[in-house]
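The file start_10.cif comes next; it holds mmCIF, C-alpha atoms.
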data_start
loop_
_atom_site.group_PDB
_atom_site.id
_atom_site.type_symbol
_atom_site.label_atom_id
_atom_site.label_comp_id
_atom_site.auth_asym_id
_atom_site.auth_seq_id
_atom_site.Cartn_x
_atom_site.Cartn_y
_atom_site.Cartn_z
ATOM 1 C CA PHE A 24 -62.763 7.244 103.688
ATOM 2 C CA LEU A 25 -59.305 8.170 104.937
ATOM 3 C CA ASN A 26 -58.713 4.713 106.404
ATOM 4 C CA TRP A 27 -59.465 3.143 103.042
ATOM 5 C CA THR A 28 -57.480 5.577 100.899
ATOM 6 C CA THR A 29 -54.352 5.905 103.038
ATOM 7 C CA GLY A 30 -54.081 2.674 104.990
ATOM 8 C CA SER A 31 -53.701 -1.024 104.462
ATOM 9 C CA VAL A 32 -56.499 -1.150 101.885
ATOM 10 C CA MET A 33 -54.561 1.203 99.624
ATOM 11 C CA VAL A 34 -51.326 -0.713 100.154
ATOM 12 C CA GLY A 35 -53.124 -3.923 99.197
ATOM 13 C CA TYR A 36 -54.589 -2.275 96.109
ATOM 14 C CA MET A 37 -51.198 -0.914 95.094
ATOM 15 C CA LEU A 38 -49.603 -4.335 95.556
ATOM 16 C CA HIS A 39 -52.372 -5.840 93.428
ATOM 17 C CA LEU A 40 -51.566 -3.252 90.751
ATOM 18 C CA GLY A 41 -47.892 -4.241 90.874
ATOM 19 C CA ALA A 42 -46.535 -1.167 92.653
ATOM 20 C CA SER A 43 -42.838 -0.850 93.352
ATOM 21 C CA ALA A 44 -41.364 -0.086 96.779
ATOM 22 C CA THR A 45 -40.887 3.530 95.661
ATOM 23 C CA GLU A 46 -44.535 3.844 94.663
ATOM 24 C CA LEU A 47 -45.615 2.369 98.005
ATOM 25 C CA GLY A 48 -43.395 4.880 99.776
ATOM 26 C CA LEU A 49 -44.908 7.728 97.782
ATOM 27 C CA ILE A 50 -48.434 6.569 98.609
ATOM 28 C CA ALA A 51 -47.537 6.736 102.295
ATOM 29 C CA SER A 52 -45.621 10.029 102.241
ATOM 30 C CA VAL A 53 -47.466 12.209 99.741
ATOM 31 C CA PRO A 54 -50.451 12.946 102.033
ATOM 32 C CA LEU A 55 -48.010 14.257 104.642
ATOM 33 C CA LEU A 56 -46.102 16.338 102.092
ATOM 34 C CA ALA A 57 -49.390 17.807 100.882
ATOM 35 C CA GLN A 58 -49.713 19.555 104.242
ATOM 36 C CA LEU A 59 -47.413 22.188 102.757
ATOM 37 C CA VAL A 60 -50.472 23.718 101.063
ATOM 38 C CA SER A 61 -52.141 24.359 104.422
ATOM 39 C CA PRO A 62 -50.820 27.928 104.833
ATOM 40 C CA PHE A 63 -52.053 28.764 101.338
ATOM 41 C CA ALA A 64 -55.473 27.300 102.106
ATOM 42 C CA ALA A 65 -55.604 29.404 105.269
ATOM 43 C CA TYR A 66 -54.605 32.484 103.295
ATOM 44 C CA PHE A 67 -57.266 31.935 100.610
ATOM 45 C CA GLY A 68 -59.815 31.132 103.300
ATOM 46 C CA GLY A 69 -59.026 34.472 104.890
ATOM 47 C CA LEU A 70 -59.428 36.240 101.566
ATOM 48 C CA ALA A 71 -62.737 34.519 100.888
ATOM 49 C CA GLY A 72 -64.009 35.467 104.335
ATOM 50 C CA ARG A 73 -66.525 32.619 104.305
ATOM 51 C CA LEU A 74 -65.109 29.148 104.791
ATOM 52 C CA LYS A 75 -68.094 26.899 104.156
ATOM 53 C CA GLY A 76 -68.155 27.116 100.362
ATOM 54 C CA LEU A 77 -64.408 26.758 99.980
ATOM 55 C CA THR A 78 -64.327 23.834 102.414
ATOM 56 C CA VAL A 79 -67.121 22.043 100.564
ATOM 57 C CA LEU A 80 -65.429 22.644 97.197
ATOM 58 C CA THR A 81 -62.021 21.327 98.258
ATOM 59 C CA ALA A 82 -63.620 18.357 100.045
ATOM 60 C CA LEU A 83 -65.675 17.515 96.982
ATOM 61 C CA LEU A 84 -62.721 17.714 94.611
ATOM 62 C CA GLY A 85 -60.421 15.729 96.890
ATOM 63 C CA ARG A 86 -62.924 12.938 97.320
ATOM 64 C CA VAL A 87 -64.481 12.700 93.868
ATOM 65 C CA LEU A 88 -61.041 12.062 92.381
ATOM 66 C CA TRP A 89 -61.055 8.698 94.141
ATOM 67 C CA LEU A 90 -63.744 7.496 91.766
ATOM 68 C CA LEU A 91 -60.902 7.249 89.250
ATOM 69 C CA ALA A 92 -59.109 4.799 91.540
ATOM 70 C CA ALA A 93 -62.284 2.804 92.082
ATOM 71 C CA PHE A 94 -62.903 2.535 88.354
ATOM 72 C CA LEU A 95 -59.230 2.242 87.346
ATOM 73 C CA PRO A 96 -59.554 -1.254 85.815
ATOM 74 C CA LEU A 97 -62.298 0.115 83.542
ATOM 75 C CA LEU A 98 -60.503 3.296 82.416
ATOM 76 C CA GLY A 99 -58.194 1.752 79.851
ATOM 77 C CA VAL A 100 -55.009 2.788 81.679
ATOM 78 C CA PRO A 101 -52.269 0.326 80.677
ATOM 79 C CA GLU A 102 -51.506 -2.113 83.497
ATOM 80 C CA ALA A 103 -47.882 -0.995 83.766
ATOM 81 C CA LEU A 104 -48.962 2.624 84.385
ATOM 82 C CA ARG A 105 -51.718 1.934 86.910
ATOM 83 C CA PRO A 106 -49.579 2.272 90.064
ATOM 84 C CA THR A 107 -48.112 5.555 88.761
ATOM 85 C CA PHE A 108 -51.616 6.763 87.916
ATOM 86 C CA VAL A 109 -52.759 6.079 91.496
ATOM 87 C CA VAL A 110 -49.693 7.865 92.911
ATOM 88 C CA GLY A 111 -50.576 10.922 90.802
ATOM 89 C CA LEU A 112 -54.175 10.685 91.948
ATOM 90 C CA VAL A 113 -53.056 10.551 95.576
ATOM 91 C CA MET A 114 -50.863 13.609 95.020
ATOM 92 C CA VAL A 115 -53.661 15.746 93.597
ATOM 93 C CA SER A 116 -56.303 14.483 96.021
ATOM 94 C CA SER A 117 -54.000 15.039 98.995
ATOM 95 C CA LEU A 118 -53.564 18.698 98.083
ATOM 96 C CA PHE A 119 -57.316 19.174 98.223
ATOM 97 C CA GLN A 120 -57.682 17.069 101.388
ATOM 98 C CA ALA A 121 -54.975 19.033 103.210
ATOM 99 C CA SER A 122 -56.686 22.271 102.202
ATOM 100 C CA THR A 123 -60.022 20.909 103.373
ATOM 101 C CA ALA A 124 -58.597 19.990 106.774
ATOM 102 C CA THR A 125 -57.161 23.474 107.276
ATOM 103 C CA LEU A 126 -60.336 25.231 106.184
ATOM 104 C CA TRP A 127 -62.601 22.928 108.186
ATOM 105 C CA THR A 128 -60.527 23.371 111.345
ATOM 106 C CA SER A 129 -60.748 27.132 111.027
ATOM 107 C CA TRP A 130 -64.472 26.962 110.320
ATOM 108 C CA MET A 131 -65.156 24.690 113.298
ATOM 109 C CA GLY A 132 -63.077 26.993 115.496
ATOM 110 C CA GLY A 133 -65.753 29.595 114.878
ATOM 111 C CA VAL A 134 -68.633 27.165 115.369
ATOM 112 C CA VAL A 135 -67.626 25.339 118.563
ATOM 113 C CA PRO A 136 -67.421 27.661 121.583
ATOM 114 C CA GLU A 137 -63.924 27.944 123.020
ATOM 115 C CA GLY A 138 -64.897 26.510 126.403
ATOM 116 C CA ARG A 139 -66.277 23.323 124.791
ATOM 117 C CA ARG A 140 -63.687 22.643 122.094
ATOM 118 C CA GLY A 141 -61.592 20.117 124.015
ATOM 119 C CA ARG A 142 -64.588 18.048 125.073
ATOM 120 C CA TYR A 143 -66.281 18.330 121.671
ATOM 121 C CA PHE A 144 -63.258 17.412 119.544
ATOM 122 C CA GLY A 145 -62.172 14.712 122.003
ATOM 123 C CA PHE A 146 -65.592 13.078 121.791
ATOM 124 C CA ARG A 147 -65.612 13.499 118.007
ATOM 125 C CA ALA A 148 -62.182 11.861 117.715
ATOM 126 C CA GLY A 149 -63.414 8.914 119.792
ATOM 127 C CA VAL A 150 -66.479 8.419 117.611
ATOM 128 C CA VAL A 151 -64.406 8.717 114.434
ATOM 129 C CA GLY A 152 -61.946 6.157 115.831
ATOM 130 C CA ILE A 153 -64.687 3.646 116.600
ATOM 131 C CA VAL A 154 -66.373 4.142 113.227
ATOM 132 C CA GLY A 155 -63.004 3.803 111.492
ATOM 133 C CA MET A 156 -62.199 0.586 113.340
ATOM 134 C CA VAL A 157 -65.565 -0.975 112.455
ATOM 135 C CA ALA A 158 -65.215 0.204 108.852
ATOM 136 C CA ASN A 159 -61.750 -1.338 108.603
ATOM 137 C CA LEU A 160 -63.063 -4.652 109.905
ATOM 138 C CA GLY A 161 -65.860 -4.501 107.333
ATOM 139 C CA ALA A 162 -63.408 -3.652 104.554
ATOM 140 C CA GLY A 163 -61.165 -6.517 105.596
ATOM 141 C CA ALA A 164 -64.061 -8.953 105.535
ATOM 142 C CA LEU A 165 -65.063 -7.770 102.065
ATOM 143 C CA LEU A 166 -61.490 -7.913 100.799
ATOM 144 C CA ASP A 167 -61.215 -11.516 102.014
ATOM 145 C CA ARG A 168 -64.485 -12.651 100.434
ATOM 146 C CA VAL A 169 -64.422 -10.964 97.016
ATOM 147 C CA SER A 170 -61.617 -11.415 94.503
ATOM 148 C CA ALA A 171 -59.385 -8.602 93.281
ATOM 149 C CA PRO A 172 -59.738 -6.085 91.753
ATOM 150 C CA LEU A 173 -63.487 -5.993 92.406
ATOM 151 C CA ASN A 174 -62.930 -6.134 96.171
ATOM 152 C CA PHE A 175 -60.756 -3.003 96.093
ATOM 153 C CA GLN A 176 -63.170 -1.276 93.729
ATOM 154 C CA LEU A 177 -66.074 -1.959 96.090
ATOM 155 C CA VAL A 178 -64.219 -0.743 99.176
ATOM 156 C CA LEU A 179 -63.034 2.413 97.422
ATOM 157 C CA GLY A 180 -66.501 2.989 95.959
ATOM 158 C CA VAL A 181 -68.180 2.691 99.364
ATOM 159 C CA GLY A 182 -65.506 4.975 100.806
ATOM 160 C CA VAL A 183 -66.134 7.618 98.145
ATOM 161 C CA VAL A 184 -69.917 7.435 98.576
ATOM 162 C CA SER A 185 -69.501 7.791 102.352
ATOM 163 C CA ALA A 186 -67.142 10.719 101.876
ATOM 164 C CA LEU A 187 -69.550 12.426 99.499
ATOM 165 C CA LEU A 188 -72.362 11.998 102.021
ATOM 166 C CA GLY A 189 -70.057 13.712 104.507
ATOM 167 C CA VAL A 190 -69.616 16.598 102.064
ATOM 168 C CA VAL A 191 -73.396 16.892 101.748
ATOM 169 C CA THR A 192 -73.722 17.148 105.537
ATOM 170 C CA LEU A 193 -71.328 20.107 105.453
ATOM 171 C CA LEU A 194 -73.865 21.980 103.347
ATOM 172 C CA PHE A 195 -76.322 21.884 106.255
ATOM 173 C CA HIS A 196 -73.794 23.009 108.852
ATOM 174 C CA ALA A 197 -73.932 26.527 110.266
ATOM 175 C CA GLU A 198 -71.298 29.071 109.324
ATOM 176 C CA PRO A 199 -70.725 31.969 111.674
ATOM 177 C CA ARG A 200 -70.568 35.454 110.228
#
Output the structure of this file as structure tokens.
Amino acid sequence: FLNWTTGSVMVGYMLHLGASATELGLIASVPLLAQLVSPFAAYFGGLAGRLKGLTVLTALLGRVLWLLAAFLPLLGVPEALRPTFVVGLVMVSSLFQASTATLWTSWMGGVVPEGRRGRYFGFRAGVVGIVGMVANLGAGALLDRVSAPLNFQLVLGVGVVSALLGVVTLLFHAEPR
């Protein structure tokens, strides 16, 4: 999901939509700027006491918004405003995604025993890297074989469905007291 909404797929989609250099720069920088909400997410997570529900909610909101990008050609947004619309979408989604990352990290800190964290998260990062690489190759193949904008819609749609399945798996994950 993140590879397809922050990487070369998104740049290609934005170029297809006629994005300016400024809009491309915003697409690349906004997710990093959104990290400024992380302390607030940590604060609200501390107030809530339980992280699972808040993590699932922010993950769901941050990912479901991308359906708007996938269906953008069908929404009636004037062509000239489509790149700006996607930049706004990225801004809002990134706030939720940054919050999700902070909450999830705190939650997993309570789930994974301290003595196993390095090995666990190192292995996890390796698996995520391999899956991401294969997914990017698959997205590239699809982008080359299907014409725009349908190719971008399909890649974003598959990314959103995959991300939502990930949110569902969070519901089954343990939460320590």
| query | Evaluating the PyMOL selection byres ((chain A and resi 26) around 9) on the displayed file yields which residues, as a PyMOL selection string? | reply | chain A and resi 24-25+27-33+155-156+158-159+182
| request: Return the single residue from A:His39, A:Phe175, A:Ser170, A:Ala65 that is closest to Trp89 in chain A, with distances computed using all atoms listed in the file. | output: A:Phe175
| message | Applying the PyMOL selection byres ((chain A and resi 94-105) around 9) to the file I just gave you, which residues come out? Please list them as a ChimeraX atom specification. | response | /A:37,40-42,89-93,106-110,172,176,180
Take every atom of range 127-132 of chain A listed in the file, pad by 8 Å on each side, and give me the axis-aligned box centre and edge lengths in Å, one decimal, as lines of an AutoDock Vina configuration file.
center_x = -62.8
center_y = 25.0
center_z = 111.8
size_x = 20.6
size_y = 20.2
size_z = 23.3
| request: Tell me which protein, DNA and RNA residues are within 8 Å of range 126-143 of chain A, counting only C-alpha atoms, leaving out same-chain ones fewer than 6 positions away, and put them as an NGL selection string. | output: :A and (64-65 or 68 or 74-75 or 77-78 or 197-199)
Restricting it to C-alpha atoms, dump the selection as a PDB file, keeping the file's coordinate frame.
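Just written: out-v9.pdb:
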ATOM      1  CA  ALA A  64     -55.473  27.300 102.106  1.00  0.00           C
ATOM      2  CA  ALA A  65     -55.604  29.404 105.269  1.00  0.00           C
ATOM      3  CA  GLY A  68     -59.815  31.132 103.300  1.00  0.00           C
ATOM      4  CA  LEU A  74     -65.109  29.148 104.791  1.00  0.00           C
ATOM      5  CA  LYS A  75     -68.094  26.899 104.156  1.00  0.00           C
ATOM      6  CA  LEU A  77     -64.408  26.758  99.980  1.00  0.00           C
ATOM      7  CA  THR A  78     -64.327  23.834 102.414  1.00  0.00           C
ATOM      8  CA  ALA A 197     -73.932  26.527 110.266  1.00  0.00           C
ATOM      9  CA  GLU A 198     -71.298  29.071 109.324  1.00  0.00           C
ATOM     10  CA  PRO A 199     -70.725  31.969 111.674  1.00  0.00           C
TER      11      PRO A 199
END
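CA of Ala162 in chain A is positioned 12.3 Å from CA of Tyr36 in chain A.
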| message | Residue by residue, what does the PyMOL selection byres ((chain A and resi 57) around 8) grab here? Present the result as JSON, numbers by chain. | response | {"A": [53, 54, 55, 56, 58, 59, 60, 61, 114, 117, 118, 121]}
| said: One number please: CA of Leu165 in chain A to CA of Leu177 in chain A, in Å, one decimal. | reply: 8.4 Å
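As for CA of Ile50 in chain A and CA of Val183 in chain A, they are spaced 17.7 Å apart.
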